[in-house]
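Pasted below: target.txt, compact mmCIF, C-alpha atoms.
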# COMPACT_ATOMS: atom_id res chain seq x y z
CA MET A 1 -9.90 16.04 35.23
CA ASN A 2 -7.26 16.27 32.51
CA PRO A 3 -4.71 13.52 33.31
CA SER A 4 -1.86 15.65 31.98
CA SER A 5 -2.72 18.73 34.04
CA ALA A 6 -0.40 17.69 36.88
CA ALA A 7 2.06 15.70 34.78
CA ALA A 8 5.81 15.89 35.23
CA VAL A 9 8.34 15.03 32.51
CA LEU A 10 11.04 12.70 33.81
CA THR A 11 14.09 11.06 32.30
CA LEU A 12 13.57 7.35 33.00
CA ASP A 13 15.72 4.31 32.36
CA LEU A 14 14.09 2.14 29.70
CA HIS A 15 14.13 -0.91 31.97
CA ARG A 16 11.73 0.87 34.34
CA LEU A 17 8.99 1.00 31.70
CA ASP A 18 6.27 -1.64 31.79
CA LEU A 19 5.37 -2.26 28.11
CA ARG A 20 2.17 -4.20 28.80
CA TYR A 21 0.22 -2.54 25.97
CA ALA A 22 2.80 -3.16 23.25
CA SER A 23 0.55 -5.77 21.64
CA LEU A 24 -2.17 -3.15 21.13
CA ARG A 25 -0.02 -1.12 18.73
CA LEU A 26 0.63 -2.22 15.17
CA PRO A 27 4.25 -2.65 14.11
CA ASP A 28 5.56 -0.10 11.62
CA PRO A 29 9.32 -0.61 11.03
CA PRO A 30 9.64 2.28 8.52
CA ALA A 31 8.04 4.70 11.01
CA ILE A 32 10.36 3.49 13.76
CA THR A 33 13.38 3.98 11.49
CA ARG A 34 12.24 7.54 10.67
CA LEU A 35 11.77 8.26 14.38
CA ALA A 36 15.23 6.91 15.15
CA ARG A 37 16.77 9.22 12.55
CA SER A 38 14.84 12.19 13.95
CA ILE A 39 15.84 11.43 17.54
CA ALA A 40 19.46 10.93 16.51
CA ALA A 41 19.46 14.34 14.82
CA ASP A 42 17.29 16.44 17.18
CA GLY A 43 16.75 14.41 20.33
CA GLN A 44 13.41 13.14 21.65
CA LEU A 45 11.11 16.09 21.01
CA VAL A 46 7.84 14.51 22.22
CA PRO A 47 7.82 12.71 25.59
CA CYS A 48 6.15 9.34 26.04
CA ILE A 49 3.19 9.01 28.40
CA ALA A 50 3.13 6.71 31.44
CA VAL A 51 1.48 6.24 34.80
CA ALA A 52 2.97 4.91 38.02
CA GLY A 53 3.09 1.12 38.30
CA GLU A 54 4.35 -1.27 40.93
CA GLY A 55 7.52 -0.33 42.78
CA ASP A 56 9.63 2.06 40.75
CA ALA A 57 8.10 0.96 37.41
CA PHE A 58 5.95 3.08 35.12
CA ILE A 59 3.30 1.65 32.79
CA LEU A 60 3.77 3.02 29.29
CA ILE A 61 0.48 4.30 27.86
CA ASP A 62 1.69 6.00 24.68
CA GLY A 63 5.05 6.18 22.91
CA TYR A 64 5.76 2.58 22.00
CA ARG A 65 7.30 3.50 18.65
CA ARG A 66 9.50 6.10 20.32
CA ILE A 67 10.73 3.48 22.78
CA ALA A 68 11.43 1.09 19.88
CA ALA A 69 13.37 3.87 18.12
CA LEU A 70 15.40 4.54 21.27
CA HIS A 71 16.20 0.82 21.54
CA GLU A 72 17.26 0.88 17.88
CA LEU A 73 19.64 3.73 18.67
CA GLY A 74 21.03 1.89 21.70
CA ARG A 75 19.79 4.54 24.13
CA ASP A 76 19.19 3.71 27.80
CA THR A 77 16.73 6.48 28.79
CA ALA A 78 13.56 8.15 27.53
CA GLU A 79 11.74 11.40 28.25
CA VAL A 80 8.42 10.38 29.82
CA GLU A 81 5.41 12.49 30.83
CA CYS A 82 4.14 10.86 34.02
CA TRP A 83 0.41 11.33 34.49
CA GLN A 84 -1.18 11.42 37.94
CA ALA A 85 -4.03 9.08 36.96
CA ASP A 86 -5.13 5.47 37.14
CA LEU A 87 -4.82 3.16 34.14
CA ALA A 88 -8.38 3.57 32.87
CA GLN A 89 -8.23 7.35 33.13
CA ALA A 90 -4.89 7.42 31.31
CA LEU A 91 -6.11 5.19 28.48
CA LEU A 92 -9.22 7.35 28.12
CA GLY A 93 -7.03 10.43 28.00
CA VAL A 94 -4.94 8.95 25.19
CA LEU A 95 -8.08 8.01 23.24
CA ALA A 96 -9.35 11.57 23.65
CA ARG A 97 -6.16 12.75 21.92
CA THR A 98 -6.32 10.36 18.95
CA ARG A 99 -7.79 13.00 16.65
CA SER A 100 -4.32 14.52 16.51
CA ARG A 101 -2.22 11.36 17.00
CA SER A 102 -1.25 8.58 14.61
CA PHE A 103 -3.46 5.77 15.90
CA ALA A 104 -4.88 3.28 13.42
CA PRO A 105 -8.61 2.59 13.89
CA ILE A 106 -7.93 -0.98 14.96
CA GLU A 107 -5.42 0.24 17.57
CA GLU A 108 -8.18 2.42 18.98
CA ALA A 109 -10.40 -0.69 18.94
CA PHE A 110 -7.81 -2.62 20.96
CA LEU A 111 -7.63 0.17 23.55
CA LEU A 112 -11.42 0.38 23.78
CA ARG A 113 -11.75 -3.37 24.28
CA GLU A 114 -9.10 -3.19 27.00
CA LEU A 115 -11.08 -0.51 28.81
CA ILE A 116 -14.44 -2.24 28.48
CA SER A 117 -13.27 -5.77 29.30
CA ASP A 118 -10.66 -5.11 31.99
CA GLY A 119 -11.73 -1.67 33.19
CA GLN A 120 -15.35 -2.82 33.31
CA LEU A 121 -16.62 0.40 31.78
CA SER A 122 -19.69 0.58 29.55
CA GLN A 123 -19.52 1.84 25.98
CA HIS A 124 -21.51 4.92 27.02
CA GLU A 125 -19.10 5.68 29.85
CA VAL A 126 -16.04 5.20 27.62
CA ALA A 127 -17.55 7.46 24.94
CA ARG A 128 -18.35 10.18 27.46
CA ARG A 129 -14.96 10.13 29.14
CA CYS A 130 -12.90 10.23 25.93
CA GLY A 131 -15.05 12.89 24.27
CA ARG A 132 -16.57 10.66 21.59
CA ASP A 133 -20.07 9.51 20.77
CA VAL A 134 -21.28 5.96 21.38
CA SER A 135 -21.51 5.20 17.65
CA TRP A 136 -17.76 5.86 17.26
CA VAL A 137 -17.03 3.41 20.08
CA SER A 138 -19.38 0.84 18.54
CA ARG A 139 -17.85 1.18 15.05
CA ARG A 140 -14.35 0.70 16.42
CA LEU A 141 -15.32 -2.40 18.38
CA GLN A 142 -17.03 -3.84 15.30
CA LEU A 143 -13.62 -3.93 13.61
CA LEU A 144 -12.69 -6.75 16.00
CA GLY A 145 -15.96 -8.63 15.62
CA GLY A 146 -15.59 -12.04 14.00
CA LEU A 147 -11.77 -11.86 13.90
CA SER A 148 -10.13 -14.94 15.35
CA ASP A 149 -7.29 -14.76 17.87
CA ALA A 150 -4.91 -16.05 15.20
CA LEU A 151 -5.96 -13.28 12.82
CA LEU A 152 -5.67 -10.60 15.50
CA GLU A 153 -2.18 -11.86 16.32
CA ALA A 154 -1.26 -11.72 12.63
CA ILE A 155 -2.43 -8.08 12.57
CA ARG A 156 -0.35 -7.26 15.67
CA GLN A 157 2.73 -8.85 14.10
CA GLY A 158 2.25 -6.93 10.87
CA GLN A 159 1.72 -10.10 8.81
CA VAL A 160 -1.75 -8.97 7.70
CA SER A 161 -3.02 -5.42 7.23
CA THR A 162 -6.09 -4.17 9.03
CA TRP A 163 -7.81 -3.69 5.67
CA ALA A 164 -7.16 -7.29 4.66
CA ALA A 165 -8.39 -8.57 8.02
CA VAL A 166 -11.62 -6.54 8.06
CA ARG A 167 -12.50 -6.65 4.34
CA ILE A 168 -11.21 -10.07 3.26
CA LEU A 169 -10.26 -12.52 6.00
CA GLY A 170 -13.04 -11.56 8.41
CA PRO A 171 -15.92 -12.09 5.91
CA LEU A 172 -14.17 -15.21 4.57
CA ALA A 173 -13.89 -16.65 8.10
CA ARG A 174 -17.61 -16.15 8.69
CA ALA A 175 -18.41 -17.98 5.43
CA ASN A 176 -15.69 -20.66 5.49
CA SER A 177 -13.37 -20.69 8.50
CA ALA A 178 -11.15 -23.44 7.04
CA HIS A 179 -10.48 -21.38 3.90
CA ALA A 180 -9.75 -18.29 6.02
CA GLU A 181 -7.23 -20.18 8.15
CA GLN A 182 -5.57 -21.65 5.08
CA LEU A 183 -5.35 -18.27 3.37
CA LEU A 184 -3.92 -16.70 6.54
CA ALA A 185 -1.25 -19.40 6.71
CA THR A 186 -0.38 -18.75 3.06
CA LEU A 187 -0.20 -14.98 3.55
CA ARG A 188 2.24 -15.43 6.43
CA SER A 189 4.75 -17.05 4.08
CA THR A 190 3.75 -15.36 0.81
CA PRO A 191 2.32 -11.87 1.45
CA LEU A 192 0.07 -10.25 -1.16
CA SER A 193 -0.48 -6.56 -1.77
CA THR A 194 -3.85 -4.98 -1.02
CA ARG A 195 -4.67 -4.83 -4.72
CA GLN A 196 -3.69 -8.45 -5.27
CA LEU A 197 -5.76 -9.62 -2.32
CA ALA A 198 -8.81 -7.62 -3.45
CA ASN A 199 -8.46 -9.13 -6.93
CA TRP A 200 -8.12 -12.62 -5.44
CA PHE A 201 -11.24 -12.18 -3.29
CA ALA A 202 -13.28 -10.92 -6.25
CA GLN A 203 -12.29 -14.06 -8.20
CA TYR A 204 -12.99 -16.27 -5.16
CA GLN A 205 -16.54 -14.95 -4.81
CA ARG A 206 -17.33 -15.91 -8.43
CA ALA A 207 -15.59 -19.29 -8.36
CA THR A 208 -17.12 -22.73 -7.88
CA ARG A 209 -16.32 -24.80 -4.79
CA PRO A 210 -13.63 -27.00 -6.40
CA VAL A 211 -11.90 -23.91 -7.82
CA ARG A 212 -12.04 -22.18 -4.43
CA GLU A 213 -10.16 -25.07 -2.86
CA ARG A 214 -7.30 -24.54 -5.31
CA MET A 215 -7.44 -20.78 -4.86
CA VAL A 216 -6.81 -20.88 -1.11
CA GLU A 217 -4.02 -23.43 -1.59
CA SER A 218 -2.17 -21.22 -4.05
CA PRO A 219 -3.54 -17.65 -4.35
CA GLN A 220 -0.42 -16.48 -6.17
CA LEU A 221 -0.97 -19.04 -8.93
CA LEU A 222 -4.50 -17.77 -9.51
CA LEU A 223 -3.31 -14.16 -9.66
CA GLU A 224 -0.62 -15.07 -12.16
CA ALA A 225 -3.21 -16.80 -14.35
CA VAL A 226 -5.52 -13.76 -14.19
CA ALA A 227 -2.63 -11.44 -15.05
CA ALA A 228 -1.71 -13.65 -18.01
CA ARG A 229 -5.29 -13.55 -19.32
CA GLN A 230 -5.39 -9.78 -18.97
CA GLU A 231 -2.11 -9.43 -20.86
CA GLU A 232 -3.48 -11.71 -23.57
CA LYS A 233 -6.60 -9.57 -23.89
CA VAL A 234 -4.50 -6.41 -24.14
CA ALA A 235 -2.36 -8.00 -26.85
CA GLU A 236 -5.48 -9.13 -28.71
CA ARG A 237 -6.95 -5.62 -28.60
CA LEU A 238 -3.70 -4.22 -29.94
CA ARG A 239 -3.70 -6.75 -32.81
CA GLU A 240 -7.33 -6.11 -33.76
CA GLY A 241 -7.11 -2.32 -33.42
CA PRO A 242 -10.16 0.00 -33.31
CA GLU A 243 -11.97 -2.19 -35.88
CA GLY A 244 -11.91 -5.08 -33.43
CA GLU A 245 -13.24 -2.87 -30.62
CA VAL A 246 -16.17 -1.74 -32.79
CA LEU A 247 -16.96 -5.35 -33.75
CA ALA A 248 -16.87 -6.40 -30.09
CA ASP A 249 -19.26 -3.59 -29.10
CA LEU A 250 -21.66 -4.48 -31.92
CA ARG A 251 -21.68 -8.15 -30.86
CA ILE A 252 -22.39 -7.13 -27.25
CA LEU A 253 -25.22 -4.85 -28.39
CA GLU A 254 -26.70 -7.61 -30.51
CA ALA A 255 -26.54 -10.10 -27.64
CA VAL A 256 -28.08 -7.66 -25.15
CA GLY A 257 -30.90 -6.84 -27.57
CA ALA A 258 -31.70 -10.53 -28.12
CA ARG A 259 -31.62 -11.25 -24.39
CA LEU A 260 -33.84 -8.27 -23.65
CA LYS A 261 -36.46 -9.43 -26.16
CA ARG A 262 -36.56 -12.87 -24.57
CA ARG A 263 -36.93 -11.46 -21.08
CA LEU A 264 -39.63 -8.99 -22.13
CA SER A 265 -41.59 -11.82 -23.74
CA ALA A 266 -41.26 -13.99 -20.64
CA LEU A 267 -42.30 -11.15 -18.36
CA SER A 268 -45.85 -10.90 -19.64
CA SER A 269 -48.53 -12.83 -21.51
CA PRO A 270 -50.70 -11.72 -24.47
CA SER A 271 -53.40 -10.66 -22.04
CA THR A 272 -51.10 -8.88 -19.60
CA ALA A 273 -49.20 -5.68 -20.31
CA LEU A 274 -45.69 -5.16 -19.10
CA PRO A 275 -45.31 -3.64 -15.61
CA PRO A 276 -45.40 0.19 -15.71
CA ALA A 277 -41.83 0.49 -14.44
CA VAL A 278 -40.52 -1.73 -17.25
CA THR A 279 -42.61 0.07 -19.88
CA ALA A 280 -41.26 3.43 -18.65
CA ALA A 281 -37.68 2.12 -18.76
CA VAL A 282 -38.13 0.83 -22.31
CA ALA A 283 -39.64 4.15 -23.35
CA SER A 284 -36.67 6.04 -21.89
CA LEU A 285 -34.37 3.86 -24.00
CA GLN A 286 -36.21 4.74 -27.22
CA PRO A 287 -34.39 8.04 -27.99
CA ALA A 288 -30.96 6.40 -27.63
CA LEU A 289 -31.94 3.53 -29.91
CA GLU A 290 -33.38 5.90 -32.51
CA SER A 291 -30.24 8.02 -32.38
CA LEU A 292 -28.09 4.91 -32.88
CA GLN A 293 -30.25 3.82 -35.82
CA ARG A 294 -29.91 7.24 -37.50
CA HIS A 295 -26.16 7.20 -36.94
CA LEU A 296 -25.81 3.72 -38.45
CA THR A 297 -27.86 4.77 -41.47
CA ARG A 298 -25.70 7.85 -41.96
CA ILE A 299 -22.40 5.97 -41.60
CA CYS A 300 -23.28 3.05 -43.88
CA PRO A 301 -26.54 3.89 -45.73
CA HIS A 302 -26.18 1.20 -48.44
CA ASP A 303 -25.10 -1.66 -46.18
CA LEU A 304 -27.92 -1.89 -43.62
CA PRO A 305 -30.56 -4.54 -44.49
CA ARG A 306 -34.16 -3.39 -44.71
CA ASP A 307 -36.19 -5.46 -42.26
CA SER A 308 -39.84 -5.34 -43.33
CA SER A 309 -40.83 -7.47 -40.34
CA ILE A 310 -40.24 -4.57 -37.98
CA ARG A 311 -43.46 -2.81 -38.97
CA ALA A 312 -45.41 -6.04 -38.77
CA ASP A 313 -44.05 -6.73 -35.29
CA ALA A 314 -44.90 -3.21 -34.22
CA ALA A 315 -48.47 -3.53 -35.43
CA SER A 316 -49.03 -6.73 -33.45
CA ALA A 317 -47.38 -5.54 -30.25
CA ARG A 318 -49.38 -5.24 -27.06
CA PRO A 319 -50.65 -1.90 -25.76
CA GLY A 320 -48.07 -0.07 -23.65
CA CYS A 321 -45.15 -1.57 -25.57
CA SER A 322 -46.04 -1.00 -29.23
CA ARG A 323 -43.97 2.17 -29.58
CA ASP A 324 -40.93 0.58 -27.94
CA GLN A 325 -40.53 -2.77 -29.65
CA PRO A 326 -39.45 -1.63 -33.18
CA ALA A 327 -36.30 0.09 -31.99
CA LEU A 328 -35.35 -2.82 -29.76
CA GLU A 329 -35.74 -5.31 -32.60
CA ALA A 330 -34.03 -3.06 -35.12
CA VAL A 331 -30.88 -3.00 -33.02
CA ALA A 332 -31.12 -6.69 -32.10
Please go through the file and, once you have read it, give me the structure as structure tokens.
Amino acid sequence: MNPSSAAAVLTLDLHRLDLRYASLRLPDPPAITRLARSIAADGQLVPCIAVAGEGDAFILIDGYRRIAALHELGRDTAEVECWQADLAQALLGVLARTRSRSFAPIEEAFLLRELISDGQLSQHEVARRCGRDVSWVSRRLQLLGGLSDALLEAIRQGQVSTWAAVRILGPLARANSAHAEQLLATLRSTPLSTRQLANWFAQYQRATRPVRERMVESPQLLLEAVAARQEEKVAERLREGPEGEVLADLRILEAVGARLKRRLSALSSPSTALPPAVTAAVASLQPALESLQRHLTRICPHDLPRDSSIRADAASARPGCSRDQPALEAVA
């Protein structure tokens, strides 16, 4: 049965609303301010949703931001659609509507956990009754997996974004809970943007243990140091101009060629040919190397040294690699 099929819209005093699910919705002060302006100009266009509670109270199921906007405006009443349903049925009905409502995925996860833990419904039953598949229910619940109570509370209070919790603090807590707690404490007093936090985590993953200790103590200091290095690199590129960029590319190419020769030599012995996959990859590189060699000869025909050892190396190369080695060594 559709919970809203027999619903009546009532004007209720705000004090009659039981806001027990307020902690399941994420705070969004800008959205509440926009709602307050809209209600002040046009009235409450969309009623909240509630079900009957104890006495003359009604349990608010949906519309927490509208109630916050009404409080901000100093209003005493709200338009409420009162569903003739029990709590579980009402929550399922709201979840079934989330395709067209502004619920964050983690808010859906909170509602699902409420239904499964308190309503004692299975994931299959919840999925069926809110018109979703079981994989959707499972994915939403996985958002809460591994997140500590402190981290979930920080999400509810708007101190940490859902993205930061799921992508940064959650994985960090599973690897080093002490570092996750310390970072969370730091973020509460010194918030970082999503981009800053992603940059910090990328640096953290590459850092040694002693450096990681300093990074969680002062993430802002690390980010400032990284930004300073990036600015220095930009200034250096500007000073050196395109000539410097060409020189840097040539040095990289030379280093890669030398490293590749060492690795190819270590990969096989004089009696063992290179693996077919490696030989095929080297062969596919041949046209690019030959094209680069022709281009270098055309650009500076009198400046390139003639390396007579290339032919000798090619003649002594092992079968399966003889046609590939000259170009590799010529570039290196």
Fill in: Two-atom distance - atom CA of Cys130 of chain A, atom CA of Gln89 of chain A (Å)
9.1 Å
Response to the item:
If you count all atoms listed in the file, the residue of A:Ala178, A:Ala31, A:Ala185, A:Ile106 closest to Arg212 of chain A turns out to be A:Ala178
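Within 9 Å of Ala57 of chain A, once only C-alpha atoms are used and residues closer than 4 positions along the same chain are dropped, the contacting residues are His15, Arg16, Leu17, Asp18, Val51, Ala52 and Gly53 of chain A.
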Export C-alpha atoms of the chosen residues as a CSV table (one decimal), in the coordinates of the input?
chain,number,residue,atom,x,y,z
A,15,HIS,CA,14.1,-0.9,32.0
A,16,ARG,CA,11.7,0.9,34.3
A,17,LEU,CA,9.0,1.0,31.7
A,18,ASP,CA,6.3,-1.6,31.8
A,51,VAL,CA,1.5,6.2,34.8
A,52,ALA,CA,3.0,4.9,38.0
A,53,GLY,CA,3.1,1.1,38.3
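Across A:Leu112, A:Ala277, A:Ala150, A:Leu197, the tightest approach to Val134 of chain A is made by A:Leu112 when counting all atoms listed in the file.
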Worksheet item: Can you find the residues with an atom no farther than 12 Å from (19.2, 11.8, 17.1), counting all atoms listed in the file, and report them as a PyMOL selection string?
Response: chain A and resi 33-45+66+69-70+72-75
Worksheet entry | Exercise: Trp83 of chain A partners within 12 Å, only C-alpha atoms, chain neighbours under 3 positions left out, as an MDAnalysis selection string | chainID A and resid 1:10 47:53 58:62 80 86:91 93:94
Worksheet item: Which residues, protein or nucleic acid, reach to within 9 Å of (-1.5, -3.3, 27.3) in the file's coordinates when using only C-alpha atoms, and can you give that as a list in words?
Response: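 With a cut-off of 9 Å, the residues come to Leu19, Arg20, Tyr21, Ala22, Ser23, Leu24, Arg25, Ile59, Leu60, Ile61, Phe110, Leu111 and Glu114 of chain A.
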Worksheet item: Do you have the atom CA of Arg263 of chain A-atom CA of Gln205 of chain A distance handy?
Response: 26.3 Å
Practice prompt. Tell me, in Å to one decimal, how far atom CA of Leu267 of chain A is from atom CA of Val282 of chain A.
Written response: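 The value is 13.3 Å.
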